[in-house]
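Enquirer: Got a structure for you, written out below as structure tokens; questions coming shortly.
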Amino acid sequence: MTEAPIPFGQEPSEQRSEQAMVVAPQITPVITAESQSIPDVADVLIIGAGAAGAAVAWRLAQAGFSVVCLEQGQWINPALYPTKDRNWEILGRHEWNWDPNKRGRPDDYPVNDAESAITPLMFAAVGGSTIHWTAHAPRFHPSDFRVKTLDGVADDWPITYDDLDPYFDQNDMMMGCSGINGDPAGPPRSERPMPPIPLGEDGTHVAAAFDRLGWHWWPSDSYVNSEPYKGRDECNYCGPLGFGCTRKAKSSTDLTYWPEAIRLGAVMKTYSRVSEITVGPDGRATGANYFDRAGNVQHQAARSVVVAANGVGTPRLLLMSKSEAHPNGLINSSGLVGRNLMFHPYTITTGLIPGLSETWKGPMGNILMSQEFYETDLRRDFVRGYAYQLNRGTGPLATALGGAHEPVGWGTGHHEDFAERFGHSVTLAGIGEDLPEEHNTVTLDEQLTDSNGLPAPRINYTLSENSRRMMDHSIRSATTVLEEAGATRIMANPLLREGGWHLMGTARMGEDPERSVVNQWCQAHDTDNVFVVDGSVFVTAGAVNPTPTLQAIALRAADYIAHERDDLKR
Amino acid sequence: MPTTDRRITDVDRVVLTRMLDLVIPPADDFPGAGGLGLTERLERSSLRYGRLRSGLLAVLDAMSLDMASRVEGGFAALDEERQIAALKTVETNLPVQFGEFIELVYETYYTDSRVHERIGWAGRPPQPEGFDLEPWDSSVLENARKREPFWREVS
Ligand SMILES: Cc1cc2nc3c(=O)[nH]c(=O)nc-3n(C[C@H](O)[C@H](O)[C@H](O)COP(=O)(O)OP(=O)(O)OC[C@H]3O[C@@H](n4cnc5c(N)ncnc54)[C@H](O)[C@@H]3O)c2cc1C
Ligand code: SF4
């Protein structure tokens, strides 16, 4: 008899606790749509309950709009995250993998990334990818919005840093930011609500190396609580930030914006996968069709639709929403929906420093950032620039499997190799500014489908020459820092394939309807009642993690709707 | 060799235990992965994750087809040098499947509490206790604060 694979959620071994394996069902919602009154016609229908959708829902519910959100995933109970389980590292590699193709949960859609140098990473749930994220919370620089003017590349944004400044602050308060003022790499800004996360022995050690070289570093801005904040615990430095935080010390929008939005009347419909945004004969949106949990097609009518399904999910949905009025997909008269996909290419340079021990103690990331090489310097062989994030060592299994590097070798020498790495490694992750290129795309796959039979997104992405030169520079400079810090062995990965955390550019904003999809308020050029509020609208990528910037853009768009679009209110 | 219905046989288990000891050998007086008795757990674990199961079965199949093993009457009958050579041949010929097999071995070995104790890992998962860090000390910024602002102003 064939031994059947053990189905998801069942216990194969006494070594695993029953609780942490059961990831899928019985998740406790803050509130369910069944217990809320759902308007027949919502003022605003939000698609996607991640970082951006949550911010818009909160602001518009506050402004008195009736808000309904359709989310393909479910509520996740933080108590079920794997870090309390003895086998947390195994669970993190499988059930909680960052790559939806490896997780293979029915809530996720698969992604065809065979033709992409970088694998897109995301999570489907209330909270979206903030369930998994590491909550690094830097802001774009003023120069990031003016790359054409300053450096003659790509395009300027139709907005400036100053336009976003108040929304950055608002978002920092809602999400809870730990950090400290005075960073010479960025403009002056308001105080964060919490002090920085401590650097730890390893962070202090590497910071001193930056100091000796005269290179910039600053404690990371982080949406991780350094002290109790708004009913959530402070971080207890357990380490693996990226599998969800059982203490709720790491901010995710299921814990921040959504409870507030729901208290203000927003309705959350989980297990609701949108297949199409529907339009009337005039081409304006009328709502959306979606699959409910039982696989039945339902319709939610709305006066406006806000798409917040992320830089891959949004173009996918827009391309699936073809109609007579929008034959190339919704709001796609420019042909740019799904084009100009940007990731941040990452290099991973790891130093083994015998003088450090137990580098697995403390949050895996969010220690310090260096922006020494952020701005364009014409003496280099690339335009724009990159930043560094310092990361710590990992647990035993991740160390043995090498993380971004070759695994510890098997056979003779295995134990020596492991001992050299474990507890002694620190990593400088170089995050580079990717420039938009139209041939980097999200399209609809002709074969691969999700659990409802909808076409999966297909990614075509190659790394540009400029990015390649930039990332090579980042390895050389990281090596200099790590040598200065006393590393006796350095391992470098020139492009982290499993590093597509940041999904941008696939429905860009701009003033010209022929060169962009939405205007500066995230409103579609083609249809005045469709908005896109996620990383899709980015014109360029900057060289920092994008989420505070995309949430600030979402809050600004919501403010516009609240003040200028009374016509959308019943 | 696993049976045609893909079950692992007792002979496979003997081979597997030996392979585990070659992949992660004993260190000082601490047994290797085979000597620790991890074979059964590894086998159970492979049932959960299909990709790793395929790797395991492919490597076991390949070992049983290995020419030297066949001539000598099985992998277990080879001396250590030739056993290692047989494993290296599989690694070269089936790199993906061998990588999955190694992943499974490491997953099993490096989540074992005895191994955790030996390597000095806290004998518990990260939560709920967490770890300690020295409190934030702003004096570390003394140098960094001396730097003039260097972000690019835009008009
Ligand atoms: C492991 C990891 C680490 C990260 N670390 C950082 C970090 O440190 N700092 C940082 O700034 N960023 C980080 N990011 C990126 C960050 O999480 C994203 O930028 C952010 O969550 C994007 O917000 P969003 O609202 O656009 O999309 P998401 O948060 O991805 O939310 C989109 C939601 O839309 C839903 N959806 C998609 N399609 C449909 C559909 N058809 N119908 C219904 N629902 C749908 C999805 O299920 C999902 O919940 C990380 C990401 C990952 C995966
Ligand atoms: S390091 Fe801190 S924020 Fe991250 S999971 Fe652990 S307790 Fe939560």
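Ordering of the structure tokens sets the chain letters (A, B, ...), residue numbers begin anew at 1 in every chain, and ligands are numbered from 1 in the order given.
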Residues of chain A near chain B: apply a cut-off of 7 Å, count only C-alpha atoms, and supply the list as number ranges by chain.

Expert: A: 1-3, 5-6, 12-13, 83-88, 90, 142-143, 182, 184-186, 196-200, 211, 216-217, 236-239, 361-362, 396-397, 400-401, 410-411, 414

Enquirer: Output the neighbourhood of ligand 1 as an MDAnalysis selection string, that is, all protein and nucleic acid residues with some atom at most 7 Å from the ligand, counting only C-alpha atoms and all ligand atoms.

Expert: chainID A and resid 47:53 70:73 98 108 121:130 132:137 242 272:275 308:311 313:314 317 501:503 534:535 545:548

Enquirer: For a test of reading the model, state the distance in Å between atom CA of A:Met509 and atom CA of A:Val539, rounded to one decimal.

Expert: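 So the answer is 6.2 Å.
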
Enquirer: For atom CA of A:Phe140 and atom CA of A:Gly500, quote the distance in Å rounded to one decimal.

Expert: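 Between atom CA of A:Phe140 and atom CA of A:Gly500 the gap is 18.3 Å.
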
Enquirer: Give the strand (DSSP E or B) residues of stretch 65-151 of chain A, as DSSP finds them on the backbone, and put them as a list in words.

Expert: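 Filtering stretch 65-151 of chain A to strand (DSSP E or B) leaves Val67, Val68, Cys69, Leu70, Gln74, Asn112, Asp113, Ala114, Glu115, Ser116, Pro120, Ala125 and His136 of chain A.
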
Enquirer: Rounded to one decimal, what separation in Å do you get between atom CA of A:Ala552 and atom CA of A:Tyr167?

Expert: 4.8 Å

Enquirer: Identify, on the basis of only C-alpha atoms, every residue whose closest approach to A:Gly280 does not exceed 10 Å; exclude the query and any residue fewer than 6 positions from it along the same chain; express the result as a list in words.

Expert: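 Everything that qualifies: Thr286, Gly287, Ser323, Glu324 and Ala325 of chain A.
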
Enquirer: Please report, as a VMD selection string, each residue of chain B to which DSSP assigns alpha helix (DSSP H) when run on this structure's backbone.

Expert: chain B and resid 10 to 23 39 to 48 50 to 65 67 to 72 80 to 93 95 to 109 113 to 119

Enquirer: Find the residues near A:Cys245: any atom within 8 Å, counting only C-alpha atoms, skip ones fewer than 5 places away on the same chain, and give them as a list in words.

Expert: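 Non-adjacent residues within range: Pro78, Tyr81, Thr83 and Lys250 of chain A.
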
Enquirer: Closest to B:Ala86 among B:Glu72, B:Asp29, B:Glu43, B:Asp66, using only C-alpha atoms?

Expert: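 Comparing B:Glu72, B:Asp29, B:Glu43, B:Asp66 against B:Ala86, the winner is B:Asp66.
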
Enquirer: Write out as JSON, numbers by chain which residues come within 9 Å of B:Gly74 when counting only C-alpha atoms, dropping same-chain ones fewer than 4 positions away.

Expert: {"B": [15, 63, 64, 66, 68, 69, 70, 78]}

Enquirer: Using only C-alpha atoms, can you tell me which of A:Ala419, A:Ala114, A:Leu80, A:Val532 comes closest to A:Val337?

Expert: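 Closest to A:Val337, using only C-alpha atoms: A:Val532.
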
Enquirer: Return the single residue from A:Val44, A:Ala54, A:Met364, A:Val307 that is closest to ligand 2, with distances computed using only C-alpha atoms and all ligand atoms.

Expert: A:Met364
